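J.: One file: protein01.pdb (PDB, N, CA and C atoms, pLDDT in the B column).
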```
ATOM      1  N   MET A 796      -8.475  29.383  10.662  1.00 62.00           N
ATOM      2  CA  MET A 796      -8.723  29.664   9.258  1.00 62.00           C
ATOM      3  C   MET A 796      -7.400  29.792   8.491  1.00 62.00           C
ATOM      4  N   ALA A 797      -6.410  30.411   9.107  1.00 75.00           N
ATOM      5  CA  ALA A 797      -5.121  30.569   8.441  1.00 75.00           C
ATOM      6  C   ALA A 797      -4.484  29.217   8.165  1.00 75.00           C
ATOM      7  N   GLU A 798      -4.690  28.278   9.083  1.00 78.00           N
ATOM      8  CA  GLU A 798      -4.134  26.929   8.899  1.00 78.00           C
ATOM      9  C   GLU A 798      -4.744  26.270   7.666  1.00 78.00           C
ATOM     10  N   ARG A 799      -6.056  26.425   7.493  1.00 72.00           N
ATOM     11  CA  ARG A 799      -6.726  25.851   6.316  1.00 72.00           C
ATOM     12  C   ARG A 799      -6.230  26.517   5.041  1.00 72.00           C
ATOM     13  N   ASN A 800      -6.051  27.832   5.091  1.00 77.00           N
ATOM     14  CA  ASN A 800      -5.542  28.544   3.912  1.00 77.00           C
ATOM     15  C   ASN A 800      -4.142  28.062   3.558  1.00 77.00           C
ATOM     16  N   ASP A 801      -3.306  27.874   4.573  1.00 84.00           N
ATOM     17  CA  ASP A 801      -1.949  27.382   4.330  1.00 84.00           C
ATOM     18  C   ASP A 801      -1.977  25.996   3.702  1.00 84.00           C
ATOM     19  N   LYS A 802      -2.863  25.138   4.214  1.00 80.00           N
ATOM     20  CA  LYS A 802      -2.967  23.773   3.680  1.00 80.00           C
ATOM     21  C   LYS A 802      -3.412  23.810   2.224  1.00 80.00           C
ATOM     22  N   LEU A 803      -4.412  24.635   1.914  1.00 81.00           N
ATOM     23  CA  LEU A 803      -4.898  24.738   0.534  1.00 81.00           C
ATOM     24  C   LEU A 803      -3.826  25.342  -0.382  1.00 81.00           C
ATOM     25  N   ASP A 804      -3.098  26.325   0.122  1.00 84.00           N
ATOM     26  CA  ASP A 804      -2.007  26.915  -0.674  1.00 84.00           C
ATOM     27  C   ASP A 804      -0.938  25.864  -0.966  1.00 84.00           C
ATOM     28  N   LYS A 805      -0.586  25.075   0.037  1.00 86.00           N
ATOM     29  CA  LYS A 805       0.429  24.038  -0.146  1.00 86.00           C
ATOM     30  C   LYS A 805      -0.028  23.007  -1.179  1.00 86.00           C
ATOM     31  N   ILE A 806      -1.285  22.583  -1.077  1.00 86.00           N
ATOM     32  CA  ILE A 806      -1.827  21.623  -2.032  1.00 86.00           C
ATOM     33  C   ILE A 806      -1.839  22.222  -3.436  1.00 86.00           C
ATOM     34  N   SER A 807      -2.226  23.482  -3.539  1.00 85.00           N
ATOM     35  CA  SER A 807      -2.273  24.154  -4.840  1.00 85.00           C
ATOM     36  C   SER A 807      -0.887  24.209  -5.480  1.00 85.00           C
ATOM     37  N   ILE A 808       0.120  24.537  -4.695  1.00 90.00           N
ATOM     38  CA  ILE A 808       1.489  24.596  -5.203  1.00 90.00           C
ATOM     39  C   ILE A 808       1.934  23.218  -5.687  1.00 90.00           C
ATOM     40  N   GLN A 809       1.629  22.189  -4.900  1.00 89.00           N
ATOM     41  CA  GLN A 809       2.013  20.829  -5.286  1.00 89.00           C
ATOM     42  C   GLN A 809       1.294  20.394  -6.556  1.00 89.00           C
ATOM     43  N   LEU A 810       0.023  20.739  -6.660  1.00 90.00           N
ATOM     44  CA  LEU A 810      -0.726  20.413  -7.884  1.00 90.00           C
ATOM     45  C   LEU A 810      -0.091  21.084  -9.095  1.00 90.00           C
ATOM     46  N   ASN A 811       0.217  22.367  -8.970  1.00 90.00           N
ATOM     47  CA  ASN A 811       0.826  23.088 -10.087  1.00 90.00           C
ATOM     48  C   ASN A 811       2.158  22.476 -10.486  1.00 90.00           C
ATOM     49  N   GLU A 812       2.980  22.107  -9.492  1.00 90.00           N
ATOM     50  CA  GLU A 812       4.273  21.491  -9.793  1.00 90.00           C
ATOM     51  C   GLU A 812       4.090  20.177 -10.547  1.00 90.00           C
ATOM     52  N   ASN A 813       3.147  19.367 -10.096  1.00 88.00           N
ATOM     53  CA  ASN A 813       2.912  18.079 -10.755  1.00 88.00           C
ATOM     54  C   ASN A 813       2.338  18.258 -12.153  1.00 88.00           C
ATOM     55  N   ILE A 814       1.444  19.202 -12.320  1.00 90.00           N
ATOM     56  CA  ILE A 814       0.863  19.450 -13.648  1.00 90.00           C
ATOM     57  C   ILE A 814       1.946  19.914 -14.614  1.00 90.00           C
ATOM     58  N   LEU A 815       2.810  20.820 -14.163  1.00 91.00           N
ATOM     59  CA  LEU A 815       3.900  21.275 -15.024  1.00 91.00           C
ATOM     60  C   LEU A 815       4.860  20.136 -15.347  1.00 91.00           C
ATOM     61  N   ALA A 816       5.112  19.265 -14.371  1.00 89.00           N
ATOM     62  CA  ALA A 816       6.008  18.129 -14.604  1.00 89.00           C
ATOM     63  C   ALA A 816       5.408  17.170 -15.633  1.00 89.00           C
ATOM     64  N   VAL A 817       4.110  16.915 -15.526  1.00 87.00           N
ATOM     65  CA  VAL A 817       3.452  16.035 -16.501  1.00 87.00           C
ATOM     66  C   VAL A 817       3.494  16.671 -17.878  1.00 87.00           C
ATOM     67  N   LYS A 818       3.228  17.959 -17.935  1.00 87.00           N
ATOM     68  CA  LYS A 818       3.278  18.657 -19.229  1.00 87.00           C
ATOM     69  C   LYS A 818       4.672  18.529 -19.850  1.00 87.00           C
ATOM     70  N   GLY A 819       5.697  18.764 -19.040  1.00 87.00           N
ATOM     71  CA  GLY A 819       7.061  18.631 -19.542  1.00 87.00           C
ATOM     72  C   GLY A 819       7.376  17.218 -19.991  1.00 87.00           C
ATOM     73  N   THR A 820       6.914  16.245 -19.222  1.00 84.00           N
ATOM     74  CA  THR A 820       7.149  14.845 -19.576  1.00 84.00           C
ATOM     75  C   THR A 820       6.470  14.511 -20.898  1.00 84.00           C
ATOM     76  N   LEU A 821       5.245  14.968 -21.073  1.00 83.00           N
ATOM     77  CA  LEU A 821       4.532  14.697 -22.319  1.00 83.00           C
ATOM     78  C   LEU A 821       5.204  15.388 -23.506  1.00 83.00           C
ATOM     79  N   GLU A 822       5.766  16.576 -23.277  1.00 84.00           N
ATOM     80  CA  GLU A 822       6.494  17.251 -24.355  1.00 84.00           C
ATOM     81  C   GLU A 822       7.745  16.459 -24.724  1.00 84.00           C
ATOM     82  N   LEU A 823       8.399  15.843 -23.725  1.00 82.00           N
ATOM     83  CA  LEU A 823       9.582  15.025 -23.996  1.00 82.00           C
ATOM     84  C   LEU A 823       9.234  13.754 -24.776  1.00 82.00           C
ATOM     85  N   LEU A 824       8.007  13.265 -24.607  1.00 79.00           N
ATOM     86  CA  LEU A 824       7.588  12.073 -25.349  1.00 79.00           C
ATOM     87  C   LEU A 824       7.763  12.267 -26.843  1.00 79.00           C
ATOM     88  N   ASP A 825       7.519  13.486 -27.270  1.00 77.00           N
ATOM     89  CA  ASP A 825       7.616  13.799 -28.699  1.00 77.00           C
ATOM     90  C   ASP A 825       9.043  13.653 -29.222  1.00 77.00           C
ATOM     91  N   THR A 826      10.027  13.834 -28.338  1.00 81.00           N
ATOM     92  CA  THR A 826      11.421  13.789 -28.771  1.00 81.00           C
ATOM     93  C   THR A 826      12.137  12.505 -28.356  1.00 81.00           C
ATOM     94  N   SER A 827      11.412  11.583 -27.703  1.00 73.00           N
ATOM     95  CA  SER A 827      12.068  10.354 -27.254  1.00 73.00           C
ATOM     96  C   SER A 827      12.519   9.532 -28.458  1.00 73.00           C
ATOM     97  N   VAL A 828      13.663   8.884 -28.285  1.00 76.00           N
ATOM     98  CA  VAL A 828      14.290   8.178 -29.397  1.00 76.00           C
ATOM     99  C   VAL A 828      14.035   6.675 -29.326  1.00 76.00           C
ATOM    100  N   THR A 829      14.152   6.119 -28.149  1.00 85.00           N
ATOM    101  CA  THR A 829      14.026   4.669 -28.024  1.00 85.00           C
ATOM    102  C   THR A 829      12.738   4.292 -27.306  1.00 85.00           C
ATOM    103  N   GLU A 830      12.391   3.042 -27.444  1.00 86.00           N
ATOM    104  CA  GLU A 830      11.201   2.531 -26.762  1.00 86.00           C
ATOM    105  C   GLU A 830      11.383   2.583 -25.247  1.00 86.00           C
ATOM    106  N   ASP A 831      12.598   2.339 -24.775  1.00 88.00           N
ATOM    107  CA  ASP A 831      12.870   2.407 -23.335  1.00 88.00           C
ATOM    108  C   ASP A 831      12.672   3.822 -22.792  1.00 88.00           C
ATOM    109  N   GLU A 832      13.140   4.821 -23.552  1.00 85.00           N
ATOM    110  CA  GLU A 832      12.943   6.210 -23.138  1.00 85.00           C
ATOM    111  C   GLU A 832      11.456   6.538 -23.085  1.00 85.00           C
ATOM    112  N   LEU A 833      10.738   6.105 -24.080  1.00 85.00           N
ATOM    113  CA  LEU A 833       9.300   6.338 -24.133  1.00 85.00           C
ATOM    114  C   LEU A 833       8.612   5.697 -22.937  1.00 85.00           C
ATOM    115  N   HIS A 834       8.973   4.462 -22.631  1.00 87.00           N
ATOM    116  CA  HIS A 834       8.394   3.748 -21.497  1.00 87.00           C
ATOM    117  C   HIS A 834       8.686   4.477 -20.182  1.00 87.00           C
ATOM    118  N   ASP A 835       9.932   4.893 -19.984  1.00 88.00           N
ATOM    119  CA  ASP A 835      10.308   5.603 -18.754  1.00 88.00           C
ATOM    120  C   ASP A 835       9.531   6.908 -18.590  1.00 88.00           C
ATOM    121  N   LEU A 836       9.370   7.634 -19.679  1.00 86.00           N
ATOM    122  CA  LEU A 836       8.625   8.892 -19.620  1.00 86.00           C
ATOM    123  C   LEU A 836       7.153   8.658 -19.307  1.00 86.00           C
ATOM    124  N   LEU A 837       6.583   7.616 -19.885  1.00 87.00           N
ATOM    125  CA  LEU A 837       5.182   7.302 -19.591  1.00 87.00           C
ATOM    126  C   LEU A 837       4.992   6.918 -18.124  1.00 87.00           C
ATOM    127  N   ILE A 838       5.932   6.156 -17.584  1.00 91.00           N
ATOM    128  CA  ILE A 838       5.862   5.782 -16.166  1.00 91.00           C
ATOM    129  C   ILE A 838       5.916   7.030 -15.287  1.00 91.00           C
ATOM    130  N   LYS A 839       6.818   7.959 -15.606  1.00 88.00           N
ATOM    131  CA  LYS A 839       6.923   9.202 -14.835  1.00 88.00           C
ATOM    132  C   LYS A 839       5.628   9.999 -14.904  1.00 88.00           C
ATOM    133  N   ALA A 840       5.041  10.080 -16.094  1.00 88.00           N
ATOM    134  CA  ALA A 840       3.790  10.822 -16.254  1.00 88.00           C
ATOM    135  C   ALA A 840       2.673  10.173 -15.444  1.00 88.00           C
ATOM    136  N   ILE A 841       2.607   8.855 -15.449  1.00 90.00           N
ATOM    137  CA  ILE A 841       1.574   8.143 -14.684  1.00 90.00           C
ATOM    138  C   ILE A 841       1.758   8.391 -13.190  1.00 90.00           C
ATOM    139  N   GLU A 842       3.001   8.363 -12.716  1.00 92.00           N
ATOM    140  CA  GLU A 842       3.267   8.618 -11.295  1.00 92.00           C
ATOM    141  C   GLU A 842       2.835  10.028 -10.904  1.00 92.00           C
ATOM    142  N   ARG A 843       3.118  10.993 -11.769  1.00 89.00           N
ATOM    143  CA  ARG A 843       2.700  12.379 -11.483  1.00 89.00           C
ATOM    144  C   ARG A 843       1.184  12.510 -11.492  1.00 89.00           C
ATOM    145  N   MET A 844       0.529  11.811 -12.418  1.00 91.00           N
ATOM    146  CA  MET A 844      -0.938  11.863 -12.459  1.00 91.00           C
ATOM    147  C   MET A 844      -1.537  11.252 -11.186  1.00 91.00           C
ATOM    148  N   ASP A 845      -0.913  10.188 -10.674  1.00 93.00           N
ATOM    149  CA  ASP A 845      -1.354   9.613  -9.396  1.00 93.00           C
ATOM    150  C   ASP A 845      -1.214  10.638  -8.273  1.00 93.00           C
ATOM    151  N   ALA A 846      -0.104  11.376  -8.275  1.00 91.00           N
ATOM    152  CA  ALA A 846       0.107  12.413  -7.260  1.00 91.00           C
ATOM    153  C   ALA A 846      -0.936  13.518  -7.392  1.00 91.00           C
ATOM    154  N   ILE A 847      -1.246  13.906  -8.617  1.00 92.00           N
ATOM    155  CA  ILE A 847      -2.263  14.934  -8.851  1.00 92.00           C
ATOM    156  C   ILE A 847      -3.619  14.460  -8.336  1.00 92.00           C
ATOM    157  N   GLN A 848      -3.949  13.203  -8.588  1.00 92.00           N
ATOM    158  CA  GLN A 848      -5.221  12.669  -8.110  1.00 92.00           C
ATOM    159  C   GLN A 848      -5.280  12.690  -6.586  1.00 92.00           C
ATOM    160  N   GLU A 849      -4.199  12.289  -5.940  1.00 92.00           N
ATOM    161  CA  GLU A 849      -4.170  12.280  -4.475  1.00 92.00           C
ATOM    162  C   GLU A 849      -4.293  13.706  -3.913  1.00 92.00           C
ATOM    163  N   LEU A 850      -3.561  14.642  -4.522  1.00 90.00           N
ATOM    164  CA  LEU A 850      -3.640  16.027  -4.072  1.00 90.00           C
ATOM    165  C   LEU A 850      -5.030  16.618  -4.305  1.00 90.00           C
ATOM    166  N   SER A 851      -5.652  16.275  -5.409  1.00 90.00           N
ATOM    167  CA  SER A 851      -7.011  16.749  -5.683  1.00 90.00           C
ATOM    168  C   SER A 851      -7.976  16.241  -4.624  1.00 90.00           C
ATOM    169  N   ASN A 852      -7.822  14.977  -4.247  1.00 90.00           N
ATOM    170  CA  ASN A 852      -8.669  14.424  -3.192  1.00 90.00           C
ATOM    171  C   ASN A 852      -8.424  15.137  -1.870  1.00 90.00           C
ATOM    172  N   ASP A 853      -7.156  15.429  -1.562  1.00 88.00           N
ATOM    173  CA  ASP A 853      -6.829  16.172  -0.337  1.00 88.00           C
ATOM    174  C   ASP A 853      -7.448  17.560  -0.353  1.00 88.00           C
ATOM    175  N   MET A 854      -7.396  18.217  -1.513  1.00 87.00           N
ATOM    176  CA  MET A 854      -7.955  19.557  -1.619  1.00 87.00           C
ATOM    177  C   MET A 854      -9.470  19.528  -1.446  1.00 87.00           C
ATOM    178  N   LEU A 855     -10.114  18.555  -2.053  1.00 89.00           N
ATOM    179  CA  LEU A 855     -11.569  18.455  -1.894  1.00 89.00           C
ATOM    180  C   LEU A 855     -11.952  18.179  -0.448  1.00 89.00           C
ATOM    181  N   ALA A 856     -11.181  17.345   0.237  1.00 88.00           N
ATOM    182  CA  ALA A 856     -11.452  17.060   1.646  1.00 88.00           C
ATOM    183  C   ALA A 856     -11.266  18.318   2.496  1.00 88.00           C
ATOM    184  N   ALA A 857     -10.221  19.082   2.207  1.00 86.00           N
ATOM    185  CA  ALA A 857      -9.976  20.321   2.949  1.00 86.00           C
ATOM    186  C   ALA A 857     -11.086  21.337   2.695  1.00 86.00           C
ATOM    187  N   LEU A 858     -11.527  21.446   1.444  1.00 87.00           N
ATOM    188  CA  LEU A 858     -12.626  22.358   1.122  1.00 87.00           C
ATOM    189  C   LEU A 858     -13.928  21.930   1.796  1.00 87.00           C
ATOM    190  N   LYS A 859     -14.186  20.622   1.800  1.00 88.00           N
ATOM    191  CA  LYS A 859     -15.379  20.123   2.483  1.00 88.00           C
ATOM    192  C   LYS A 859     -15.328  20.475   3.959  1.00 88.00           C
ATOM    193  N   ASN A 860     -14.156  20.323   4.557  1.00 87.00           N
ATOM    194  CA  ASN A 860     -13.986  20.664   5.962  1.00 87.00           C
ATOM    195  C   ASN A 860     -14.264  22.145   6.194  1.00 87.00           C
ATOM    196  N   CYS A 861     -13.779  23.000   5.295  1.00 86.00           N
ATOM    197  CA  CYS A 861     -14.037  24.437   5.405  1.00 86.00           C
ATOM    198  C   CYS A 861     -15.527  24.740   5.325  1.00 86.00           C
ATOM    199  N   PHE A 862     -16.194  24.124   4.353  1.00 86.00           N
ATOM    200  CA  PHE A 862     -17.627  24.359   4.201  1.00 86.00           C
ATOM    201  C   PHE A 862     -18.409  23.836   5.396  1.00 86.00           C
ATOM    202  N   ASP A 863     -17.990  22.701   5.945  1.00 87.00           N
ATOM    203  CA  ASP A 863     -18.640  22.166   7.140  1.00 87.00           C
ATOM    204  C   ASP A 863     -18.492  23.130   8.316  1.00 87.00           C
ATOM    205  N   LYS A 864     -17.299  23.688   8.481  1.00 88.00           N
ATOM    206  CA  LYS A 864     -17.054  24.652   9.566  1.00 88.00           C
ATOM    207  C   LYS A 864     -17.903  25.899   9.375  1.00 88.00           C
ATOM    208  N   ILE A 865     -18.009  26.366   8.132  1.00 87.00           N
ATOM    209  CA  ILE A 865     -18.827  27.547   7.842  1.00 87.00           C
ATOM    210  C   ILE A 865     -20.288  27.257   8.172  1.00 87.00           C
ATOM    211  N   SER A 866     -20.767  26.078   7.798  1.00 87.00           N
ATOM    212  CA  SER A 866     -22.149  25.694   8.084  1.00 87.00           C
ATOM    213  C   SER A 866     -22.401  25.632   9.590  1.00 87.00           C
ATOM    214  N   GLU A 867     -21.443  25.098  10.331  1.00 88.00           N
ATOM    215  CA  GLU A 867     -21.581  25.010  11.791  1.00 88.00           C
ATOM    216  C   GLU A 867     -21.642  26.411  12.416  1.00 88.00           C
ATOM    217  N   MET A 868     -20.854  27.341  11.868  1.00 89.00           N
ATOM    218  CA  MET A 868     -20.825  28.704  12.398  1.00 89.00           C
ATOM    219  C   MET A 868     -22.149  29.418  12.139  1.00 89.00           C
ATOM    220  N   LYS A 869     -22.819  29.090  11.048  1.00 87.00           N
ATOM    221  CA  LYS A 869     -24.079  29.746  10.696  1.00 87.00           C
ATOM    222  C   LYS A 869     -25.231  29.273  11.558  1.00 87.00           C
ATOM    223  N   LYS A 870     -25.071  28.087  12.170  1.00 76.00           N
ATOM    224  CA  LYS A 870     -26.177  27.538  12.969  1.00 76.00           C
ATOM    225  C   LYS A 870     -26.278  28.208  14.308  1.00 76.00           C
TER
END
```
Since I need it in another form, could you write the structure as structure tokens?

T.:
Amino acid sequence: MAERNDKLDKISIQLNENILAVKGTLELLDTSVTEDELHDLLIKAIERMDAIQELSNDMLAALKNCFDKISEMKK
């Protein structure tokens, strides 16, 4: 159980880091001067959103595994 908690904590930390990074990137969009800067910031935001999606899928899989284990224990 501790291993699952550690995995979920790690995923949660990574999600928070990526969400904060995307937020910061989007705030920088407002101050970008050139089209190239704007393009680079959008690419970074898209990459972070891809990471968030992957981490969300990992978290859902880990939670499903936890619920499956709980169901098995109840039987």

J.: Find the distance between atom C of Asn852 of chain A and atom N of Leu823 of chain A and write it in Å to one decimal.

T.: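 Between atom C of Asn852 of chain A and atom N of Leu823 of chain A the gap works out to 27.6 Å.
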
J.: Which of these residues is nearest to Lys839 of chain A, using only C-alpha atoms: A:Ile814, A:Ser866, A:Arg799, A:Gln809?

T.: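 Selected residue with least distance to Lys839 of chain A: A:Ile814.
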
J.: Choose the residue, out of A:Leu821, A:Ile865, A:Val828, A:Ala856, that has the smallest atom-to-atom separation from Ala840 of chain A; count all atoms listed in the file.

T.: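 Answer, going by the shortest atom-to-atom distance: A:Leu821.
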
J.: Please determine an axis-aligned box that encloses all atoms of segment 829-840 of chain A listed in the file, with 5 Å added on each side, and express its centre and edge lengths in Å to one decimal as lines of an AutoDock Vina configuration file.

T.:
```
center_x = 8.4
center_y = 6.6
center_z = -21.5
size_x = 21.5
size_y = 18.5
size_z = 23.3
```

J.: Nearest to Ala816 of chain A among A:Ala797, A:Thr829, A:Leu836, A:Arg843, with distances taken over only C-alpha atoms: which residue is it?

T.: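 Of A:Ala797, A:Thr829, A:Leu836, A:Arg843, the one nearest Ala816 of chain A is A:Arg843, counting only C-alpha atoms.
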
J.: So how far away is atom CA of Asn800 of chain A from atom CA of Met868 of chain A, in Å?

T.: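 Those two atoms sit 17.5 Å apart.
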
J.: Rounded to one decimal in Å, what is the spacing between atom CA of Ile808 of chain A and atom CA of Phe862 of chain A?

T.: 21.3 Å

J.: Provide segment 816-827 of chain A rebuilt to all heavy atoms, formatted as a PDB file, in the coordinates of the input.

T.:
```
ATOM      1  N   ALA A 816       5.112  19.265 -14.371  1.00 89.00           N
ATOM      2  CA  ALA A 816       6.008  18.129 -14.604  1.00 89.00           C
ATOM      3  C   ALA A 816       5.408  17.170 -15.633  1.00 89.00           C
ATOM      4  O   ALA A 816       6.113  16.673 -16.521  1.00 89.00           O
ATOM      5  CB  ALA A 816       6.297  17.400 -13.299  1.00 89.00           C
ATOM      6  N   VAL A 817       4.110  16.915 -15.526  1.00 87.00           N
ATOM      7  CA  VAL A 817       3.452  16.035 -16.501  1.00 87.00           C
ATOM      8  C   VAL A 817       3.494  16.671 -17.878  1.00 87.00           C
ATOM      9  O   VAL A 817       3.790  16.003 -18.877  1.00 87.00           O
ATOM     10  CB  VAL A 817       1.999  15.710 -16.082  1.00 87.00           C
ATOM     11  CG1 VAL A 817       1.246  15.008 -17.197  1.00 87.00           C
ATOM     12  CG2 VAL A 817       1.985  14.850 -14.828  1.00 87.00           C
ATOM     13  N   LYS A 818       3.228  17.959 -17.935  1.00 87.00           N
ATOM     14  CA  LYS A 818       3.278  18.657 -19.229  1.00 87.00           C
ATOM     15  C   LYS A 818       4.672  18.529 -19.850  1.00 87.00           C
ATOM     16  O   LYS A 818       4.801  18.221 -21.038  1.00 87.00           O
ATOM     17  CB  LYS A 818       2.918  20.126 -19.036  1.00 87.00           C
ATOM     18  CG  LYS A 818       2.919  20.912 -20.313  1.00 87.00           C
ATOM     19  CD  LYS A 818       2.564  22.364 -20.072  1.00 87.00           C
ATOM     20  CE  LYS A 818       2.699  23.140 -21.359  1.00 87.00           C
ATOM     21  NZ  LYS A 818       2.603  24.565 -21.176  1.00 87.00           N
ATOM     22  N   GLY A 819       5.697  18.764 -19.040  1.00 87.00           N
ATOM     23  CA  GLY A 819       7.061  18.631 -19.542  1.00 87.00           C
ATOM     24  C   GLY A 819       7.376  17.218 -19.991  1.00 87.00           C
ATOM     25  O   GLY A 819       8.024  17.002 -21.024  1.00 87.00           O
ATOM     26  N   THR A 820       6.914  16.245 -19.222  1.00 84.00           N
ATOM     27  CA  THR A 820       7.149  14.845 -19.576  1.00 84.00           C
ATOM     28  C   THR A 820       6.470  14.511 -20.898  1.00 84.00           C
ATOM     29  O   THR A 820       7.064  13.854 -21.761  1.00 84.00           O
ATOM     30  CB  THR A 820       6.630  13.911 -18.464  1.00 84.00           C
ATOM     31  OG1 THR A 820       7.316  14.218 -17.250  1.00 84.00           O
ATOM     32  CG2 THR A 820       6.860  12.453 -18.811  1.00 84.00           C
ATOM     33  N   LEU A 821       5.245  14.968 -21.073  1.00 83.00           N
ATOM     34  CA  LEU A 821       4.532  14.697 -22.319  1.00 83.00           C
ATOM     35  C   LEU A 821       5.204  15.388 -23.506  1.00 83.00           C
ATOM     36  O   LEU A 821       5.236  14.838 -24.612  1.00 83.00           O
ATOM     37  CB  LEU A 821       3.069  15.120 -22.186  1.00 83.00           C
ATOM     38  CG  LEU A 821       2.247  14.291 -21.187  1.00 83.00           C
ATOM     39  CD1 LEU A 821       0.849  14.880 -21.027  1.00 83.00           C
ATOM     40  CD2 LEU A 821       2.176  12.836 -21.598  1.00 83.00           C
ATOM     41  N   GLU A 822       5.766  16.576 -23.277  1.00 84.00           N
ATOM     42  CA  GLU A 822       6.494  17.251 -24.355  1.00 84.00           C
ATOM     43  C   GLU A 822       7.745  16.459 -24.724  1.00 84.00           C
ATOM     44  O   GLU A 822       8.123  16.392 -25.898  1.00 84.00           O
ATOM     45  CB  GLU A 822       6.847  18.674 -23.934  1.00 84.00           C
ATOM     46  CG  GLU A 822       5.640  19.593 -23.891  1.00 84.00           C
ATOM     47  CD  GLU A 822       5.919  20.948 -23.266  1.00 84.00           C
ATOM     48  OE1 GLU A 822       6.997  21.136 -22.662  1.00 84.00           O
ATOM     49  OE2 GLU A 822       5.040  21.821 -23.359  1.00 84.00           O
ATOM     50  N   LEU A 823       8.399  15.843 -23.725  1.00 82.00           N
ATOM     51  CA  LEU A 823       9.582  15.025 -23.996  1.00 82.00           C
ATOM     52  C   LEU A 823       9.234  13.754 -24.776  1.00 82.00           C
ATOM     53  O   LEU A 823      10.069  13.222 -25.511  1.00 82.00           O
ATOM     54  CB  LEU A 823      10.275  14.637 -22.686  1.00 82.00           C
ATOM     55  CG  LEU A 823      11.043  15.729 -21.975  1.00 82.00           C
ATOM     56  CD1 LEU A 823      11.525  15.245 -20.616  1.00 82.00           C
ATOM     57  CD2 LEU A 823      12.214  16.204 -22.823  1.00 82.00           C
ATOM     58  N   LEU A 824       8.007  13.265 -24.607  1.00 79.00           N
ATOM     59  CA  LEU A 824       7.588  12.073 -25.349  1.00 79.00           C
ATOM     60  C   LEU A 824       7.763  12.267 -26.843  1.00 79.00           C
ATOM     61  O   LEU A 824       8.119  11.340 -27.564  1.00 79.00           O
ATOM     62  CB  LEU A 824       6.127  11.726 -25.050  1.00 79.00           C
ATOM     63  CG  LEU A 824       5.810  11.147 -23.683  1.00 79.00           C
ATOM     64  CD1 LEU A 824       4.303  10.977 -23.516  1.00 79.00           C
ATOM     65  CD2 LEU A 824       6.511   9.825 -23.480  1.00 79.00           C
ATOM     66  N   ASP A 825       7.519  13.486 -27.270  1.00 77.00           N
ATOM     67  CA  ASP A 825       7.616  13.799 -28.699  1.00 77.00           C
ATOM     68  C   ASP A 825       9.043  13.653 -29.222  1.00 77.00           C
ATOM     69  O   ASP A 825       9.251  13.358 -30.393  1.00 77.00           O
ATOM     70  CB  ASP A 825       7.104  15.223 -28.931  1.00 77.00           C
ATOM     71  CG  ASP A 825       6.977  15.559 -30.399  1.00 77.00           C
ATOM     72  OD1 ASP A 825       6.576  14.672 -31.182  1.00 77.00           O
ATOM     73  OD2 ASP A 825       7.266  16.711 -30.765  1.00 77.00           O
ATOM     74  N   THR A 826      10.027  13.834 -28.338  1.00 81.00           N
ATOM     75  CA  THR A 826      11.421  13.789 -28.771  1.00 81.00           C
ATOM     76  C   THR A 826      12.137  12.505 -28.356  1.00 81.00           C
ATOM     77  O   THR A 826      13.331  12.364 -28.618  1.00 81.00           O
ATOM     78  CB  THR A 826      12.203  14.985 -28.187  1.00 81.00           C
ATOM     79  OG1 THR A 826      12.179  14.913 -26.759  1.00 81.00           O
ATOM     80  CG2 THR A 826      11.606  16.295 -28.648  1.00 81.00           C
ATOM     81  N   SER A 827      11.412  11.583 -27.703  1.00 73.00           N
ATOM     82  CA  SER A 827      12.068  10.354 -27.254  1.00 73.00           C
ATOM     83  C   SER A 827      12.519   9.532 -28.458  1.00 73.00           C
ATOM     84  O   SER A 827      11.869   9.498 -29.494  1.00 73.00           O
ATOM     85  CB  SER A 827      11.138   9.530 -26.363  1.00 73.00           C
ATOM     86  OG  SER A 827      10.024   9.084 -27.078  1.00 73.00           O
TER      87      SER A 827
END
```
